[in-house]
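What follows is a set of notes on a single structure, which appears directly below.
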Amino acid sequence: MAVNYVCRHCRASMGSIESTEITESRLGFHFLTPDERRDIIAYDPNGDITVRVTCDYCREAYESHPELTLLSSPLQ
């Protein structure tokens, strides 16, 4: 099983964890509400997990230019 971290805005790969010993509890997923889980975590049919987070570049862009949140795909 692999856990792949991808930016939710620019879709850049931010890293991956490949291990059979990784659990959702060890990753802290159990702290998320059901709505947050649906928004952040996607389960692939092959057993991999994709976690959608915000990369530093996109975070800085949104902090510097909050008007970007009004656009549907501002950072692609």
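If you're wondering about the labels, chains in the structure tokens are A, B, ... by order shown, residues count from 1 in each chain, ligands from 1 in order shown.
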Please provide as a list in words all residues within 12 Å of Cys7 (chain A), with the sequence filter that same-chain residues fewer than 6 positions apart are discarded (counting only C-alpha atoms).
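So, after excluding close chain neighbours, the residues are Ser13, Met14, Gly15, Ile40, Ile41, Thr50, Val51, Arg52, Val53, Thr54, Cys55, Asp56, Tyr57, Cys58, Arg59, Leu75 and Gln76 of chain A.
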Region 23-25 of chain A surroundings by only C-alpha atoms, 12 Å radius, close-in-sequence under 5 positions cut, as a count of residues only
14
From region 5-62 of chain A, collect each residue whose DSSP state is strand (DSSP E or B) and return the set as an NGL selection string.
:A and (5-7 or 13-18 or 41-43 or 49-53)
Deliver the residues from the most recent selection as a file, using N, CA and C atoms, as a PDB file, in the first residue's frame.
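Saved result, selection_4.pdb, follows:
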ATOM      1  N   TYR A   5       0.822  11.851  -1.445  1.00  0.00           N
ATOM      2  CA  TYR A   5       0.403  13.212  -1.111  1.00  0.00           C
ATOM      3  C   TYR A   5       0.492  14.062  -2.360  1.00  0.00           C
ATOM      4  N   VAL A   6      -0.632  14.735  -2.703  1.00  0.00           N
ATOM      5  CA  VAL A   6      -0.743  15.524  -3.918  1.00  0.00           C
ATOM      6  C   VAL A   6      -1.373  16.869  -3.555  1.00  0.00           C
ATOM      7  N   CYS A   7      -0.878  17.950  -4.170  1.00  0.00           N
ATOM      8  CA  CYS A   7      -1.469  19.267  -3.933  1.00  0.00           C
ATOM      9  C   CYS A   7      -2.856  19.316  -4.561  1.00  0.00           C
ATOM     10  N   SER A  13       2.949  16.398  -7.134  1.00  0.00           N
ATOM     11  CA  SER A  13       3.225  15.317  -6.195  1.00  0.00           C
ATOM     12  C   SER A  13       4.108  15.860  -5.086  1.00  0.00           C
ATOM     13  N   MET A  14       3.706  15.621  -3.842  1.00  0.00           N
ATOM     14  CA  MET A  14       4.451  16.146  -2.706  1.00  0.00           C
ATOM     15  C   MET A  14       5.201  15.058  -1.957  1.00  0.00           C
ATOM     16  N   GLY A  15       4.970  13.820  -2.321  1.00  0.00           N
ATOM     17  CA  GLY A  15       5.685  12.732  -1.681  1.00  0.00           C
ATOM     18  C   GLY A  15       4.828  11.491  -1.583  1.00  0.00           C
ATOM     19  N   SER A  16       5.457  10.421  -1.146  1.00  0.00           N
ATOM     20  CA  SER A  16       4.772   9.139  -1.065  1.00  0.00           C
ATOM     21  C   SER A  16       5.377   8.319   0.063  1.00  0.00           C
ATOM     22  N   ILE A  17       4.533   7.554   0.717  1.00  0.00           N
ATOM     23  CA  ILE A  17       4.977   6.616   1.742  1.00  0.00           C
ATOM     24  C   ILE A  17       4.579   5.233   1.267  1.00  0.00           C
ATOM     25  N   GLU A  18       5.548   4.365   1.151  1.00  0.00           N
ATOM     26  CA  GLU A  18       5.293   3.005   0.672  1.00  0.00           C
ATOM     27  C   GLU A  18       5.652   2.033   1.790  1.00  0.00           C
ATOM     28  N   ILE A  41      -9.098  12.634   1.578  1.00  0.00           N
ATOM     29  CA  ILE A  41      -8.565  11.295   1.326  1.00  0.00           C
ATOM     30  C   ILE A  41      -9.363  10.590   0.231  1.00  0.00           C
ATOM     31  N   ALA A  42      -8.643   9.986  -0.719  1.00  0.00           N
ATOM     32  CA  ALA A  42      -9.270   9.170  -1.763  1.00  0.00           C
ATOM     33  C   ALA A  42      -8.617   7.797  -1.740  1.00  0.00           C
ATOM     34  N   TYR A  43      -9.424   6.767  -1.828  1.00  0.00           N
ATOM     35  CA  TYR A  43      -8.939   5.387  -1.814  1.00  0.00           C
ATOM     36  C   TYR A  43      -8.972   4.834  -3.230  1.00  0.00           C
ATOM     37  N   ILE A  49      -3.682   5.059  -1.255  1.00  0.00           N
ATOM     38  CA  ILE A  49      -4.435   6.188  -0.717  1.00  0.00           C
ATOM     39  C   ILE A  49      -3.834   7.460  -1.290  1.00  0.00           C
ATOM     40  N   THR A  50      -4.685   8.367  -1.747  1.00  0.00           N
ATOM     41  CA  THR A  50      -4.244   9.678  -2.198  1.00  0.00           C
ATOM     42  C   THR A  50      -4.756  10.707  -1.199  1.00  0.00           C
ATOM     43  N   VAL A  51      -3.831  11.511  -0.684  1.00  0.00           N
ATOM     44  CA  VAL A  51      -4.164  12.547   0.288  1.00  0.00           C
ATOM     45  C   VAL A  51      -3.968  13.889  -0.395  1.00  0.00           C
ATOM     46  N   ARG A  52      -5.056  14.670  -0.478  1.00  0.00           N
ATOM     47  CA  ARG A  52      -5.008  15.975  -1.138  1.00  0.00           C
ATOM     48  C   ARG A  52      -4.768  17.057  -0.082  1.00  0.00           C
ATOM     49  N   VAL A  53      -3.602  17.709  -0.175  1.00  0.00           N
ATOM     50  CA  VAL A  53      -3.223  18.779   0.737  1.00  0.00           C
ATOM     51  C   VAL A  53      -2.794  19.984  -0.097  1.00  0.00           C
TER      52      VAL A  53
END
Straight-line distance linking CA of Glu60 (chain A) with CA of Arg26 (chain A), stated in Å to one decimal
28.1 Å
Where does DSSP see helix (DSSP H, G or I) in chain A, if you list the residues as a JSON list (two decimals) with N, CA and C atoms, in the first residue's frame?
[["chain", "number", "residue", "atom", "x", "y", "z"],
["A", 24, "GLU", "N", -3.93, 4.19, 9.14],
["A", 24, "GLU", "CA", -4.56, 5.51, 9.13],
["A", 24, "GLU", "C", -4.39, 6.18, 10.49],
["A", 25, "SER", "N", -4.35, 5.41, 11.53],
["A", 25, "SER", "CA", -4.15, 5.95, 12.86],
["A", 25, "SER", "C", -2.75, 6.57, 13.00],
["A", 26, "ARG", "N", -1.75, 5.89, 12.49],
["A", 26, "ARG", "CA", -0.37, 6.42, 12.56],
["A", 26, "ARG", "C", -0.22, 7.69, 11.73],
["A", 27, "LEU", "N", -1.02, 7.83, 10.68],
["A", 27, "LEU", "CA", -0.97, 9.03, 9.84],
["A", 27, "LEU", "C", -1.83, 10.16, 10.40],
["A", 29, "PHE", "N", -5.17, 10.21, 10.50],
["A", 29, "PHE", "CA", -6.45, 10.36, 9.81],
["A", 29, "PHE", "C", -7.63, 10.25, 10.76],
["A", 30, "HIS", "N", -7.46, 9.57, 11.88],
["A", 30, "HIS", "CA", -8.56, 9.38, 12.82],
["A", 30, "HIS", "C", -8.98, 10.69, 13.48],
["A", 31, "PHE", "N", -8.15, 11.74, 13.37],
["A", 31, "PHE", "CA", -8.51, 13.05, 13.93],
["A", 31, "PHE", "C", -9.43, 13.83, 13.00],
["A", 34, "PRO", "N", -15.70, 13.11, 9.41],
["A", 34, "PRO", "CA", -16.10, 12.40, 8.19],
["A", 34, "PRO", "C", -16.10, 13.30, 6.95],
["A", 35, "ASP", "N", -16.52, 14.55, 7.09],
["A", 35, "ASP", "CA", -16.50, 15.48, 5.94],
["A", 35, "ASP", "C", -15.07, 15.78, 5.50],
["A", 36, "GLU", "N", -14.17, 15.99, 6.45],
["A", 36, "GLU", "CA", -12.77, 16.24, 6.11],
["A", 36, "GLU", "C", -12.16, 15.03, 5.42],
["A", 37, "ARG", "N", -12.48, 13.85, 5.90],
["A", 37, "ARG", "CA", -11.96, 12.62, 5.28],
["A", 37, "ARG", "C", -12.40, 12.53, 3.82],
["A", 38, "ARG", "N", -13.67, 12.80, 3.55],
["A", 38, "ARG", "CA", -14.18, 12.74, 2.17],
["A", 38, "ARG", "C", -13.50, 13.77, 1.28],
["A", 39, "ASP", "N", -13.18, 14.93, 1.86],
["A", 39, "ASP", "CA", -12.57, 16.01, 1.09],
["A", 39, "ASP", "C", -11.08, 15.79, 0.85],
["A", 40, "ILE", "N", -10.39, 15.17, 1.78],
["A", 40, "ILE", "CA", -8.93, 15.07, 1.75],
["A", 40, "ILE", "C", -8.42, 13.73, 1.24],
["A", 56, "ASP", "N", 3.37, 24.26, -0.44],
["A", 56, "ASP", "CA", 3.84, 25.57, 0.03],
["A", 56, "ASP", "C", 3.66, 26.66, -1.02],
["A", 57, "TYR", "N", 3.92, 26.33, -2.28],
["A", 57, "TYR", "CA", 3.76, 27.32, -3.35],
["A", 57, "TYR", "C", 2.32, 27.83, -3.41],
["A", 58, "CYS", "N", 1.36, 26.93, -3.41],
["A", 58, "CYS", "CA", -0.04, 27.33, -3.50],
["A", 58, "CYS", "C", -0.50, 28.05, -2.23],
["A", 59, "ARG", "N", -0.03, 27.61, -1.08],
["A", 59, "ARG", "CA", -0.38, 28.28, 0.17],
["A", 59, "ARG", "C", 0.10, 29.72, 0.14],
["A", 60, "GLU", "N", 1.34, 29.93, -0.28],
["A", 60, "GLU", "CA", 1.88, 31.28, -0.35],
["A", 60, "GLU", "C", 1.13, 32.13, -1.38],
["A", 61, "ALA", "N", 0.77, 31.53, -2.49],
["A", 61, "ALA", "CA", 0.02, 32.26, -3.52],
["A", 61, "ALA", "C", -1.35, 32.69, -2.99],
["A", 62, "TYR", "N", -2.04, 31.81, -2.28],
["A", 62, "TYR", "CA", -3.34, 32.15, -1.72],
["A", 62, "TYR", "C", -3.23, 33.18, -0.60],
["A", 63, "GLU", "N", -2.16, 33.09, 0.19],
["A", 63, "GLU", "CA", -1.98, 34.08, 1.26],
["A", 63, "GLU", "C", -1.66, 35.46, 0.69],
["A", 64, "SER", "N", -0.89, 35.51, -0.39],
["A", 64, "SER", "CA", -0.51, 36.78, -1.00],
["A", 64, "SER", "C", -1.63, 37.38, -1.85],
["A", 66, "PRO", "N", -5.51, 36.61, -1.92],
["A", 66, "PRO", "CA", -6.74, 35.90, -1.50],
["A", 66, "PRO", "C", -7.83, 35.89, -2.56],
["A", 67, "GLU", "N", -7.78, 36.82, -3.49],
["A", 67, "GLU", "CA", -8.80, 36.86, -4.55],
["A", 67, "GLU", "C", -8.74, 35.61, -5.43],
["A", 68, "LEU", "N", -7.65, 34.87, -5.40],
["A", 68, "LEU", "CA", -7.54, 33.63, -6.17],
["A", 68, "LEU", "C", -8.57, 32.60, -5.74],
["A", 69, "THR", "N", -9.04, 32.69, -4.52],
["A", 69, "THR", "CA", -10.04, 31.71, -4.05],
["A", 69, "THR", "C", -11.37, 31.86, -4.79],
["A", 70, "LEU", "N", -11.56, 32.97, -5.47],
["A", 70, "LEU", "CA", -12.81, 33.19, -6.22],
["A", 70, "LEU", "C", -12.80, 32.49, -7.57]]
